file model37.cif (mmCIF, C-alpha atoms)
data_coords
loop_
_atom_site.label_atom_id
_atom_site.label_comp_id
_atom_site.auth_asym_id
_atom_site.auth_seq_id
_atom_site.Cartn_x
_atom_site.Cartn_y
_atom_site.Cartn_z
CA MET T 24 41.78 -32.90 198.02
CA LYS T 25 38.30 -31.43 197.59
CA LYS T 26 35.38 -33.82 197.30
CA ARG T 27 34.66 -32.91 193.67
CA ASP T 28 38.33 -33.36 192.71
CA TRP T 29 38.38 -36.69 194.45
CA ILE T 30 35.41 -37.95 192.40
CA LEU T 31 37.08 -36.76 189.19
CA PHE T 32 40.33 -38.51 190.20
CA ALA T 33 38.52 -41.73 191.02
CA THR T 34 36.62 -41.69 187.74
CA VAL T 35 39.81 -41.19 185.73
CA ALA T 36 41.50 -43.95 187.70
CA ILE T 37 38.68 -46.40 187.01
CA VAL T 38 38.68 -45.58 183.30
CA LEU T 39 42.45 -46.06 183.13
CA ALA T 40 42.21 -49.34 185.00
CA LEU T 41 39.87 -50.87 182.42
CA PRO T 42 42.11 -52.01 179.59
CA GLY T 43 41.04 -51.21 176.07
CA ILE T 44 37.67 -49.84 177.10
CA SER T 45 35.91 -47.87 174.35
CA ILE T 46 39.25 -46.88 172.78
CA LEU T 47 39.47 -50.18 170.92
CA GLY T 48 35.69 -50.42 170.57
CA GLN T 49 35.68 -53.71 172.41
CA SER T 50 33.32 -54.69 175.15
CA VAL T 51 35.45 -55.87 178.03
CA SER T 52 33.15 -56.57 180.89
CA ALA T 53 34.42 -56.15 184.39
CA SER T 54 33.96 -59.86 185.07
CA SER T 55 36.01 -61.18 182.13
CA PRO T 56 39.49 -62.44 183.01
CA ALA T 57 41.81 -59.54 182.29
CA ALA T 58 45.00 -61.05 183.60
CA VAL T 59 46.85 -64.32 182.95
CA ASP T 60 50.00 -65.57 184.64
CA VAL T 61 52.79 -67.56 183.02
CA LYS T 62 55.32 -69.18 185.28
CA ILE T 63 58.91 -69.63 184.17
CA ASP T 64 60.11 -72.77 185.89
CA ASN T 65 62.67 -75.46 185.11
CA PHE T 66 63.65 -73.72 181.88
CA SER T 67 60.03 -73.85 180.63
CA PHE T 68 57.13 -71.44 180.12
CA LEU T 69 54.12 -72.82 181.99
CA PRO T 70 51.64 -73.21 180.51
CA PRO T 71 53.53 -73.25 177.20
CA THR T 72 50.43 -72.14 175.27
CA ILE T 73 47.85 -69.63 176.48
CA THR T 74 44.71 -68.39 174.75
CA VAL T 75 43.58 -64.93 175.85
CA LYS T 76 41.23 -62.16 174.82
CA ALA T 77 42.78 -59.07 173.29
CA GLY T 78 43.83 -56.65 175.97
CA THR T 79 44.54 -59.28 178.60
CA ARG T 80 47.46 -58.49 180.86
CA ILE T 81 49.98 -61.34 180.70
CA THR T 82 52.50 -61.57 183.52
CA TRP T 83 55.54 -63.83 183.42
CA THR T 84 57.30 -64.61 186.72
CA ASN T 85 60.73 -66.26 186.80
CA ALA T 86 60.80 -69.01 189.41
CA ASP T 87 64.22 -70.35 188.33
CA ASP T 88 67.62 -69.71 189.91
CA ILE T 89 68.83 -68.68 186.46
CA PRO T 90 67.83 -65.48 184.62
CA HIS T 91 65.51 -65.69 181.64
CA ASN T 92 63.76 -63.27 179.32
CA VAL T 93 60.65 -63.19 177.16
CA VAL T 94 61.12 -62.23 173.51
CA SER T 95 58.58 -62.56 170.69
CA ASN T 96 59.82 -64.11 167.45
CA ASP T 97 58.77 -61.01 165.53
CA GLN T 98 60.52 -58.82 168.13
CA SER T 99 57.21 -57.01 168.81
CA PHE T 100 57.85 -57.36 172.52
CA LYS T 101 60.92 -58.10 174.62
CA SER T 102 61.34 -58.13 178.37
CA LYS T 103 64.44 -57.11 180.21
CA VAL T 104 66.35 -59.99 181.75
CA LEU T 105 64.35 -61.39 184.67
CA ASP T 106 66.32 -62.62 187.64
CA THR T 107 64.73 -64.93 190.19
CA ASP T 108 61.18 -63.80 191.16
CA GLU T 109 61.21 -60.84 188.78
CA LYS T 110 58.15 -60.23 186.61
CA PHE T 111 57.33 -58.94 183.15
CA THR T 112 53.85 -57.80 182.17
CA TYR T 113 52.68 -57.23 178.62
CA THR T 114 49.31 -56.66 177.00
CA ILE T 115 48.61 -57.61 173.40
CA SER T 116 45.71 -55.78 171.82
CA LYS T 117 45.91 -57.22 168.31
CA PRO T 118 44.42 -60.71 167.76
CA GLY T 119 46.77 -63.30 166.33
CA THR T 120 49.23 -66.03 167.28
CA TYR T 121 52.45 -64.95 168.91
CA ILE T 122 55.44 -67.27 169.37
CA TYR T 123 58.00 -66.20 171.95
CA TYR T 124 61.17 -67.59 173.46
CA CYS T 125 63.94 -66.93 175.96
CA SER T 126 66.78 -65.45 173.90
CA ILE T 127 69.27 -66.59 176.57
CA HIS T 128 68.04 -70.21 176.47
CA PRO T 129 66.36 -70.45 173.05
CA LYS T 130 65.14 -74.01 173.60
CA MET T 131 62.51 -72.37 175.82
CA THR T 132 59.55 -71.39 173.64
CA GLY T 133 55.92 -70.44 174.29
CA LYS T 134 52.80 -69.47 172.35
CA ILE T 135 50.09 -66.86 172.92
CA VAL T 136 46.84 -67.04 170.97
CA VAL T 137 45.07 -63.66 171.17
CA GLU T 138 41.38 -63.83 170.23
CA MET O 12 105.86 -71.92 161.46
CA SER O 13 109.66 -72.35 161.56
CA GLN O 14 111.54 -75.25 160.02
CA GLN O 15 112.61 -76.29 163.52
CA LYS O 16 109.04 -76.79 164.69
CA THR O 17 108.04 -78.59 161.50
CA SER O 18 110.85 -81.09 161.83
CA ASP O 19 109.93 -81.67 165.44
CA VAL O 20 106.47 -82.71 164.34
CA ILE O 21 107.60 -84.85 161.41
CA LEU O 22 109.88 -86.82 163.71
CA TYR O 23 106.74 -88.41 165.17
CA ASP O 24 104.68 -88.47 162.03
CA HIS O 25 104.89 -92.00 160.72
CA ASN O 26 102.22 -91.48 158.09
CA ARG O 27 103.78 -88.23 156.85
CA ASP O 28 100.41 -86.54 157.10
CA GLY O 29 100.72 -84.92 160.48
CA VAL O 30 98.32 -87.31 162.13
CA ASP O 31 97.57 -90.96 162.64
CA ARG O 32 94.02 -91.20 161.36
CA ARG O 33 93.97 -94.94 160.93
CA GLY O 34 91.97 -95.44 164.02
CA PHE O 35 88.72 -93.81 165.00
CA LEU O 36 88.85 -93.17 168.68
CA LYS O 37 85.96 -92.29 170.88
CA CYS O 38 86.28 -91.67 174.56
CA MET O 39 83.93 -90.16 177.04
CA ALA O 40 84.76 -89.54 180.65
CA TRP O 41 82.60 -88.18 183.44
CA ALA O 42 83.54 -85.79 186.17
CA GLY O 43 85.23 -87.37 189.11
CA THR O 44 86.92 -90.16 187.20
CA GLY O 45 90.22 -88.29 187.42
CA ALA O 46 91.33 -89.20 183.93
CA LEU O 47 94.26 -87.57 182.22
CA CYS O 48 94.02 -87.88 178.46
CA VAL O 49 97.10 -87.34 176.33
CA LEU O 50 96.71 -87.05 172.60
CA GLN O 51 99.87 -88.13 170.80
CA GLY O 52 99.89 -87.93 167.04
CA GLY O 53 96.15 -88.55 167.00
CA VAL O 54 96.33 -91.53 169.33
CA LEU O 55 94.67 -91.16 172.70
CA LYS O 56 96.50 -92.32 175.77
CA SER O 57 94.85 -91.97 179.11
CA TYR O 58 96.20 -92.26 182.61
CA ALA O 59 94.54 -92.23 185.99
CA LEU O 60 95.34 -89.08 187.91
CA ASP O 61 97.28 -91.12 190.45
CA ASP O 62 99.42 -92.62 187.69
CA SER O 63 102.73 -90.94 188.43
CA SER O 64 104.26 -91.74 185.03
CA GLY O 65 101.39 -90.02 183.24
CA LEU O 66 101.61 -86.96 185.40
CA HIS O 67 105.37 -86.98 184.99
CA LYS O 68 104.94 -86.77 181.22
CA ALA O 69 102.53 -83.90 181.65
CA ALA O 70 105.05 -82.09 183.84
CA LYS O 71 107.55 -82.15 180.98
CA ALA O 72 105.32 -79.97 178.84
CA ASP O 73 106.73 -77.20 176.66
CA PHE O 74 104.14 -74.92 178.12
CA SER O 75 100.85 -75.14 179.89
CA PHE O 76 97.77 -73.04 180.32
CA VAL O 77 94.74 -73.27 182.56
CA GLN O 78 91.10 -73.14 181.58
CA ILE O 79 88.59 -71.79 184.06
CA SER O 80 84.93 -71.37 183.29
CA ASP O 81 81.51 -70.29 184.44
CA SER O 82 82.50 -68.18 187.43
CA HIS O 83 78.92 -66.72 187.41
CA MET O 84 79.99 -63.82 189.60
CA GLY O 85 76.87 -62.43 191.27
CA PHE O 86 75.12 -65.79 191.66
CA ASN O 87 74.01 -66.13 195.29
CA LYS O 88 71.40 -68.88 195.40
CA ALA O 89 71.39 -72.09 197.45
CA ALA O 90 73.58 -74.06 195.02
CA ASN O 91 76.48 -71.79 196.06
CA PRO O 92 75.86 -68.66 198.14
CA ASP O 93 79.55 -67.64 197.92
CA VAL O 94 80.94 -67.82 194.39
CA VAL O 95 83.74 -65.41 195.33
CA ALA O 96 85.10 -67.93 197.83
CA THR O 97 85.08 -70.82 195.37
CA MET O 98 86.71 -68.73 192.65
CA LYS O 99 89.44 -67.80 195.13
CA VAL O 100 90.01 -71.50 195.81
CA ALA O 101 90.22 -72.10 192.05
CA ILE O 102 92.88 -69.40 191.74
CA ASP O 103 94.77 -70.87 194.70
CA LYS O 104 94.66 -74.19 192.85
CA ILE O 105 96.30 -72.53 189.85
CA ARG O 106 98.92 -70.91 192.09
CA ALA O 107 99.77 -74.33 193.50
CA LEU O 108 100.59 -75.88 190.13
CA PRO O 109 104.22 -77.05 189.88
CA VAL O 110 104.78 -74.88 186.80
CA ALA O 111 103.02 -71.53 186.42
CA PRO O 112 100.69 -71.53 183.41
CA GLU O 113 101.60 -69.40 180.42
CA PHE O 114 98.11 -67.89 180.50
CA ILE O 115 94.51 -68.52 181.55
CA LEU O 116 91.53 -69.09 179.30
CA HIS O 117 88.15 -68.15 180.74
CA THR O 118 85.46 -69.87 178.67
CA GLY O 119 82.58 -67.59 179.60
CA ASP O 120 79.76 -66.88 181.99
CA ILE O 121 82.25 -64.69 183.75
CA THR O 122 79.28 -63.00 185.43
CA HIS O 123 75.76 -64.07 186.30
CA LEU O 124 73.89 -60.91 185.23
CA SER O 125 76.41 -58.90 183.14
CA LYS O 126 76.63 -56.27 185.89
CA PRO O 127 79.71 -54.01 185.81
CA SER O 128 80.39 -54.80 189.48
CA GLU O 129 80.39 -58.53 188.71
CA PHE O 130 82.98 -58.11 185.95
CA ASP O 131 85.02 -55.89 188.29
CA THR O 132 85.05 -58.57 191.00
CA VAL O 133 86.29 -61.25 188.59
CA ASP O 134 89.01 -58.93 187.24
CA GLN O 135 90.11 -58.22 190.80
CA LEU O 136 90.20 -61.91 191.77
CA LEU O 137 92.18 -62.83 188.64
CA LYS O 138 94.93 -60.39 189.63
CA ALA O 139 96.03 -63.01 192.17
CA ALA O 140 96.50 -65.63 189.46
CA PRO O 141 100.05 -66.47 188.44
CA ALA O 142 99.55 -65.81 184.74
CA LYS O 143 100.40 -62.79 182.68
CA ASP O 144 97.42 -62.98 180.38
CA VAL O 145 93.80 -64.01 180.62
CA PHE O 146 91.91 -64.67 177.41
CA PHE O 147 88.11 -64.65 177.44
CA VAL O 148 85.16 -65.69 175.36
CA PRO O 149 81.67 -64.60 176.43
CA GLY O 150 78.95 -66.81 177.85
CA GLU O 151 75.27 -65.97 177.44
CA HIS O 152 75.29 -64.44 180.93
CA ASP O 153 77.97 -61.91 179.87
CA VAL O 154 76.02 -60.38 176.99
CA LEU O 155 72.60 -59.75 178.57
CA GLU O 156 70.74 -56.61 177.50
CA ASP O 157 73.51 -54.98 175.41
CA ASN O 158 74.46 -57.63 172.80
CA GLY O 159 77.86 -57.91 174.43
CA GLN O 160 78.97 -54.28 174.11
CA GLN O 161 80.21 -54.08 177.69
CA TYR O 162 81.97 -57.43 177.34
CA ARG O 163 83.79 -56.29 174.20
CA ASP O 164 84.70 -52.94 175.76
CA ARG O 165 86.39 -54.84 178.58
CA TYR O 166 87.91 -57.91 176.92
CA GLY O 167 87.43 -57.70 173.19
CA LYS O 168 89.08 -54.50 172.00
CA SER O 169 91.12 -56.20 169.28
CA THR O 170 88.57 -58.85 168.35
CA LYS O 171 86.37 -59.24 165.29
CA GLY O 172 82.57 -59.22 165.02
CA ASP O 173 80.88 -60.22 168.27
CA GLY O 174 84.27 -60.85 169.87
CA TRP O 175 86.01 -63.70 168.06
CA TYR O 176 89.79 -63.75 167.61
CA SER O 177 92.87 -65.93 167.28
CA PHE O 178 96.46 -65.84 168.48
CA ASP O 179 99.59 -68.00 168.41
CA LYS O 180 101.65 -69.22 171.34
CA LYS O 181 104.79 -71.29 170.88
CA GLY O 182 103.61 -72.90 167.68
CA VAL O 183 100.04 -73.57 168.84
CA HIS O 184 97.20 -71.68 167.14
CA PHE O 185 94.40 -70.61 169.50
CA VAL O 186 90.95 -69.59 168.27
CA GLY O 187 88.35 -67.97 170.55
CA LEU O 188 84.80 -68.26 169.18
CA VAL O 189 81.51 -66.64 170.24
CA ASN O 190 78.43 -68.89 170.11
CA VAL O 191 76.05 -67.11 172.52
CA MET O 192 74.78 -64.27 170.33
CA ASN O 193 71.79 -63.95 168.00
CA LEU O 194 70.28 -67.21 169.22
CA LYS O 195 67.19 -68.38 167.36
CA ALA O 196 63.98 -69.63 168.98
CA GLY O 197 64.12 -73.40 169.43
CA GLY O 198 67.85 -73.52 168.63
CA MET O 199 71.11 -74.08 170.49
CA GLY O 200 74.39 -72.14 170.43
CA SER O 201 75.15 -70.36 167.17
CA LEU O 202 78.33 -69.18 165.44
CA GLY O 203 76.72 -67.49 162.46
CA HIS O 204 77.77 -67.06 158.86
CA GLU O 205 80.15 -64.14 159.36
CA GLN O 206 82.14 -65.90 162.08
CA LEU O 207 82.30 -69.16 160.12
CA GLU O 208 83.71 -67.30 157.11
CA TRP O 209 86.28 -65.66 159.34
CA LEU O 210 87.27 -69.03 160.85
CA GLU O 211 87.70 -70.65 157.46
CA ASP O 212 89.99 -67.84 156.41
CA ASP O 213 91.83 -67.75 159.75
CA VAL O 214 93.00 -71.39 159.62
CA LYS O 215 93.36 -71.69 155.83
CA HIS O 216 97.01 -70.63 155.71
CA LEU O 217 98.22 -72.68 158.69
CA SER O 218 100.48 -75.69 158.25
CA LYS O 219 98.43 -78.86 158.74
CA SER O 220 100.82 -79.94 161.48
CA THR O 221 100.03 -76.85 163.58
CA PRO O 222 98.25 -77.88 166.78
CA VAL O 223 94.99 -75.95 167.01
CA VAL O 224 93.07 -75.14 170.18
CA VAL O 225 89.52 -73.83 169.75
CA PHE O 226 87.69 -72.43 172.76
CA ALA O 227 84.10 -71.21 173.08
CA HIS O 228 81.46 -71.12 175.79
CA VAL O 229 78.73 -73.50 174.59
CA PRO O 230 80.01 -76.96 173.57
CA LEU O 231 80.92 -77.25 169.89
CA TRP O 232 79.69 -80.86 169.90
CA THR O 233 76.13 -81.89 170.56
CA ILE O 234 75.90 -83.19 174.10
CA TYR O 235 72.18 -82.85 174.86
CA PRO O 236 69.97 -80.93 172.43
CA ASP O 237 66.94 -80.90 174.74
CA TRP O 238 68.88 -78.61 177.05
CA GLY O 239 70.52 -76.67 174.24
CA TRP O 240 73.91 -78.23 175.00
CA GLY O 241 75.38 -77.91 171.57
CA THR O 242 75.96 -75.45 168.74
CA ASP O 243 73.70 -75.56 165.69
CA ASP O 244 76.39 -74.79 163.12
CA SER O 245 79.42 -76.34 164.83
CA ALA O 246 79.78 -79.07 162.17
CA GLN O 247 80.68 -76.47 159.60
CA ALA O 248 83.29 -74.96 161.93
CA LEU O 249 84.80 -78.38 162.59
CA SER O 250 84.92 -79.14 158.87
CA TYR O 251 87.52 -76.37 158.53
CA LEU O 252 89.67 -78.13 161.14
CA LYS O 253 89.50 -81.75 160.00
CA HIS O 254 92.76 -81.63 158.06
CA PHE O 255 94.84 -80.60 161.06
CA GLY O 256 96.84 -83.21 162.92
CA SER O 257 95.77 -82.14 166.39
CA VAL O 258 92.70 -80.11 167.33
CA THR O 259 91.60 -79.54 170.93
CA VAL O 260 88.18 -78.00 171.57
CA LEU O 261 87.64 -76.49 175.03
CA ASN O 262 84.18 -75.45 176.20
CA GLY O 263 82.27 -74.57 179.36
CA HIS O 264 78.53 -73.93 179.84
CA ILE O 265 77.52 -77.36 181.18
CA HIS O 266 79.37 -77.07 184.52
CA GLN O 267 80.82 -80.58 184.40
CA THR O 268 83.67 -82.32 182.62
CA MET O 269 83.03 -84.40 179.56
CA GLN O 270 85.47 -85.61 176.94
CA LYS O 271 85.20 -87.11 173.52
CA VAL O 272 87.89 -87.92 170.99
CA GLU O 273 86.78 -88.23 167.42
CA GLY O 274 89.42 -88.62 164.75
CA ASN O 275 91.88 -85.76 165.13
CA ILE O 276 89.64 -83.70 167.43
CA THR O 277 89.56 -83.89 171.21
CA PHE O 278 86.53 -82.26 172.82
CA HIS O 279 86.57 -81.25 176.44
CA THR O 280 84.23 -79.33 178.73
CA ALA O 281 85.35 -77.79 182.01
CA THR O 282 83.72 -77.59 185.39
CA SER O 283 82.43 -74.30 186.77
CA THR O 284 84.04 -72.45 189.66
CA ALA O 285 80.52 -71.52 190.88
CA PHE O 286 77.96 -74.36 190.88
CA PRO O 287 77.46 -77.80 189.32
CA GLN O 288 74.76 -78.70 186.82
CA PRO O 289 73.08 -82.10 186.47
CA ARG O 290 74.14 -84.76 184.02
CA PRO O 291 72.15 -84.64 180.79
CA GLY O 292 68.53 -85.63 181.35
CA GLU O 293 69.01 -86.54 184.99
CA ALA O 294 66.97 -83.57 186.28
CA PRO O 295 63.88 -81.70 185.07
CA SER O 296 66.10 -78.86 183.82
CA PRO O 297 69.77 -77.88 183.52
CA GLY O 298 69.42 -75.41 186.43
CA PRO O 299 71.96 -75.19 189.28
CA MET O 300 72.33 -78.50 191.10
CA LYS O 301 72.01 -78.26 194.86
CA VAL O 302 74.39 -80.57 196.67
CA PRO O 303 75.37 -80.83 200.34
CA ALA O 304 77.80 -78.01 201.23
CA GLU O 305 80.60 -80.45 201.99
CA LYS O 306 80.28 -81.95 198.51
CA LEU O 307 80.19 -78.71 196.51
CA ARG O 308 83.92 -78.20 196.00
CA SER O 309 84.38 -81.74 194.72
CA LEU O 310 82.13 -80.76 191.79
CA LEU O 311 83.88 -77.48 190.95
CA GLY O 312 87.34 -77.14 189.50
CA VAL O 313 89.91 -75.95 187.01
CA THR O 314 91.46 -77.55 183.94
CA ASP O 315 95.20 -77.66 183.29
CA VAL O 316 96.31 -78.13 179.68
CA ASN O 317 99.89 -79.10 178.86
CA TYR O 318 101.44 -78.98 175.43
CA MET O 319 104.35 -81.26 174.53
CA ARG O 320 105.79 -80.09 171.23
CA LYS O 321 108.02 -83.09 170.65
CA ARG O 322 105.18 -85.47 171.37
CA HIS O 323 102.76 -83.42 169.34
CA ALA O 324 100.40 -83.71 172.24
CA LEU O 325 98.09 -81.72 174.45
CA ALA O 326 97.29 -83.22 177.82
CA VAL O 327 94.10 -82.11 179.53
CA ILE O 328 93.97 -82.57 183.30
CA ASP O 329 90.90 -81.73 185.36
CA SER O 330 91.20 -81.15 189.04
CA THR O 331 88.50 -80.34 191.55
CA LEU O 332 88.67 -77.64 194.19
CA GLU O 333 89.49 -80.13 196.92
#
call {"tool": "encode", "arguments": {"input": "model37.cif", "output": "structure tokens"}}
result
Amino acid sequence: MKKRDWILFATVAIVLALPGISILGQSVSASSPAAVDVKIDNFSFLPPTITVKAGTRITWTNADDIPHNVVSNDQSFKSKVLDTDEKFTYTISKPGTYIYYCSIHPKMTGKIVVE
Amino acid sequence: MSQQKTSDVILYDHNRDGVDRRGFLKCMAWAGTGALCVLQGGVLKSYALDDSSGLHKAAKADFSFVQISDSHMGFNKAANPDVVATMKVAIDKIRALPVAPEFILHTGDITHLSKPSEFDTVDQLLKAAPAKDVFFVPGEHDVLEDNGQQYRDRYGKSTKGDGWYSFDKKGVHFVGLVNVMNLKAGGMGSLGHEQLEWLEDDVKHLSKSTPVVVFAHVPLWTIYPDWGWGTDDSAQALSYLKHFGSVTVLNGHIHQTMQKVEGNITFHTATSTAFPQPRPGEAPSPGPMKVPAEKLRSLLGVTDVNYMRKRHALAVIDSTLE
């Protein structure tokens, strides 16, 4: 790879790595938390409620010996079934309150507040 | 139903209504107690498993079938790293019964992750069982990702809706229900309007003296709502069955035996062939219970159900894998 191509590649990569930048007209500074983790453990989403900025990457990790999934009540997002240690990442760009649950074990519910 | 069968039932029907409903009976038994419950004309009689007279009565059954449940093929975690081995032991247990069962009921969670290879393994293992037919209902683990299409392609070709159906064997009416589909956030098991309508219609034309056996994966009685151990609309289903003299409800899902007799309905849950789950509320979650390896098989098992036409009775006998 030539030097000029490399710079172009790196620039594109950096732009792609910054979620929502300029496209959504939002100012996401490099220091703001852009990722939040939710642990699935003991048939619960932990923490059960999270408050995030629009564009935050949310990653669920299943720590149980039983498969779970992550499904929003309005069906706007749905993970595949997550076996032990499998992850699901989703980014919500539209502010609002999202209720989700595990459609296999529907007693498991969680809430995302997107600001 | 033939005249012959009807007169058999009436012989023991002192109230001429197909059931003795004078008493309200409630019984709950935990795994490991070794109880054999015999329902005769609505009256519960129970025997310890070492009570030879009770077992002798069960041996005189008109026919018997075996319930197995929650084989969770594909599960490989610490609670049981070899679910193939324990299912083989369960099938050996069935082969060792003094009288071969007429058929086997599998009350769901056949597989752990709905993988084709997991279904294939169970089908292969069941070929060694001494029963001509195996009837299934799906558990939530059998309908992952595809709303149960694969399950129905394999086991539900002649079923209705999500896979519900009924059939008759020797005067007993069997109903297989599906309560693991279209689950709502915050809820428990669900039968749904369409299935409830079908059930009402399915049992409407039966003689009230017909013994009815209903089987489904998630319990049709509320055992522990916090863990989703119940079915939101089961009361409506049971209301269609309250006029029958003898109703037996067989479920799985909770990986332990529990029994309750309420009026004319006997509820029973079976153990798993794969791994035990904790008693309600006795652990942070209903996840697989890890027990010492030497204890595992004492918490897994199969359920033998014997029907005595002349006694108008179904006897439910749980036995562990050791």
call {"tool": "closest_residue", "arguments": {"input": "model37.cif", "among": "O:Phe130, O:Phe286, O:Tyr251, O:Phe76", "to": "O:Gln267", "atoms": "only C-alpha atoms"}}
result
O:Phe286
call {"tool": "interface_residues", "arguments": {"input": "model37.cif", "of": "chain T", "to": "chain O", "cutoff": "10 Å", "atoms": "all atoms listed in the file", "output": "compact mmCIF listing (two decimals) with C-alpha atoms, keeping the file's coordinate frame"}}
result
# COMPACT_ATOMS: atom_id res chain seq x y z
CA ASP T 64 60.11 -72.77 185.89
CA ASN T 65 62.67 -75.46 185.11
CA PHE T 66 63.65 -73.72 181.88
CA SER T 67 60.03 -73.85 180.63
CA ASP T 87 64.22 -70.35 188.33
CA ASP T 88 67.62 -69.71 189.91
CA ILE T 89 68.83 -68.68 186.46
CA PRO T 90 67.83 -65.48 184.62
CA HIS T 91 65.51 -65.69 181.64
CA ASN T 92 63.76 -63.27 179.32
CA VAL T 94 61.12 -62.23 173.51
CA SER T 95 58.58 -62.56 170.69
CA ASN T 96 59.82 -64.11 167.45
CA SER T 102 61.34 -58.13 178.37
CA LYS T 103 64.44 -57.11 180.21
CA VAL T 104 66.35 -59.99 181.75
CA LEU T 105 64.35 -61.39 184.67
CA ASP T 106 66.32 -62.62 187.64
CA THR T 107 64.73 -64.93 190.19
CA ILE T 122 55.44 -67.27 169.37
CA TYR T 123 58.00 -66.20 171.95
CA TYR T 124 61.17 -67.59 173.46
CA CYS T 125 63.94 -66.93 175.96
CA SER T 126 66.78 -65.45 173.90
CA ILE T 127 69.27 -66.59 176.57
CA HIS T 128 68.04 -70.21 176.47
CA PRO T 129 66.36 -70.45 173.05
CA LYS T 130 65.14 -74.01 173.60
CA MET T 131 62.51 -72.37 175.82
CA THR T 132 59.55 -71.39 173.64
CA GLY T 133 55.92 -70.44 174.29
call {"tool": "atom_distance", "arguments": {"input": "model37.cif", "atom1": "atom CA of O:Asn91", "atom2": "atom CA of O:Met269"}}
result
21.8 Å
call {"tool": "residues_around", "arguments": {"input": "model37.cif", "residues": "T:Leu69", "least_positions_apart": "3", "cutoff": "12 Å", "atoms": "all atoms listed in the file", "output": "compact mmCIF listing (two decimals) with C-alpha atoms, in the frame of the given file"}}
result
# COMPACT_ATOMS: atom_id res chain seq x y z
CA VAL T 59 46.85 -64.32 182.95
CA ASP T 60 50.00 -65.57 184.64
CA VAL T 61 52.79 -67.56 183.02
CA LYS T 62 55.32 -69.18 185.28
CA ILE T 63 58.91 -69.63 184.17
CA ASP T 64 60.11 -72.77 185.89
CA ASN T 65 62.67 -75.46 185.11
CA PHE T 66 63.65 -73.72 181.88
CA THR T 72 50.43 -72.14 175.27
CA ILE T 73 47.85 -69.63 176.48
CA THR T 82 52.50 -61.57 183.52
CA TRP T 83 55.54 -63.83 183.42
CA THR T 84 57.30 -64.61 186.72
CA ASN T 85 60.73 -66.26 186.80
CA ALA T 86 60.80 -69.01 189.41
CA MET T 131 62.51 -72.37 175.82
CA THR T 132 59.55 -71.39 173.64
CA GLY T 133 55.92 -70.44 174.29
CA LYS T 134 52.80 -69.47 172.35
CA ILE T 135 50.09 -66.86 172.92
call {"tool": "residues_around", "arguments": {"input": "model37.cif", "residues": "T:Ala77", "least_positions_apart": "5", "cutoff": "8 Å", "atoms": "all atoms listed in the file", "output": "PDB file with C-alpha atoms, in the frame of the given file"}}
result
ATOM      1  CA  THR T 114      49.310 -56.660 177.000  1.00  0.00           C
ATOM      2  CA  ILE T 115      48.610 -57.610 173.400  1.00  0.00           C
ATOM      3  CA  SER T 116      45.710 -55.780 171.820  1.00  0.00           C
ATOM      4  CA  LYS T 117      45.910 -57.220 168.310  1.00  0.00           C
ATOM      5  CA  PRO T 118      44.420 -60.710 167.760  1.00  0.00           C
ATOM      6  CA  VAL T 137      45.070 -63.660 171.170  1.00  0.00           C
ATOM      7  CA  GLU T 138      41.380 -63.830 170.230  1.00  0.00           C
TER       8      GLU T 138
END
call {"tool": "closest_residue", "arguments": {"input": "model37.cif", "among": "O:Ile102, O:Val186, O:Met300, O:Val224", "to": "O:Leu136", "atoms": "all atoms listed in the file"}}
result
O:Ile102
call {"tool": "atom_distance", "arguments": {"input": "model37.cif", "atom1": "atom CA of O:Arg290", "atom2": "atom CA of O:Ser309"}}
result
15.1 Å
call {"tool": "atom_distance", "arguments": {"input": "model37.cif", "atom1": "atom CA of O:Leu231", "atom2": "atom CA of O:Ser245"}}
result
5.4 Å
call {"tool": "residues_around", "arguments": {"input": "model37.cif", "residues": "O:Leu252", "least_positions_apart": "3", "cutoff": "12 Å", "atoms": "all atoms listed in the file", "output": "compact mmCIF listing (two decimals) with C-alpha atoms, keeping the file's coordinate frame"}}
result
# COMPACT_ATOMS: atom_id res chain seq x y z
CA HIS O 184 97.20 -71.68 167.14
CA VAL O 186 90.95 -69.59 168.27
CA LEU O 207 82.30 -69.16 160.12
CA LEU O 210 87.27 -69.03 160.85
CA GLU O 211 87.70 -70.65 157.46
CA ASP O 212 89.99 -67.84 156.41
CA ASP O 213 91.83 -67.75 159.75
CA VAL O 214 93.00 -71.39 159.62
CA LYS O 215 93.36 -71.69 155.83
CA HIS O 216 97.01 -70.63 155.71
CA LEU O 217 98.22 -72.68 158.69
CA SER O 218 100.48 -75.69 158.25
CA LYS O 219 98.43 -78.86 158.74
CA SER O 220 100.82 -79.94 161.48
CA THR O 221 100.03 -76.85 163.58
CA PRO O 222 98.25 -77.88 166.78
CA VAL O 223 94.99 -75.95 167.01
CA VAL O 224 93.07 -75.14 170.18
CA VAL O 225 89.52 -73.83 169.75
CA SER O 245 79.42 -76.34 164.83
CA ALA O 246 79.78 -79.07 162.17
CA GLN O 247 80.68 -76.47 159.60
CA ALA O 248 83.29 -74.96 161.93
CA LEU O 249 84.80 -78.38 162.59
CA PHE O 255 94.84 -80.60 161.06
CA GLY O 256 96.84 -83.21 162.92
CA SER O 257 95.77 -82.14 166.39
CA VAL O 258 92.70 -80.11 167.33
CA THR O 259 91.60 -79.54 170.93
CA VAL O 260 88.18 -78.00 171.57
CA GLY O 274 89.42 -88.62 164.75
CA ASN O 275 91.88 -85.76 165.13
CA ILE O 276 89.64 -83.70 167.43
CA THR O 277 89.56 -83.89 171.21
call {"tool": "residues_around", "arguments": {"input": "model37.cif", "residues": "O:Ala101", "least_positions_apart": "2", "cutoff": "10 Å", "atoms": "all atoms listed in the file", "output": "ChimeraX atom specification"}}
result
/O:79,82,95-99,103-107,140,283-285,308,311-314,330-333
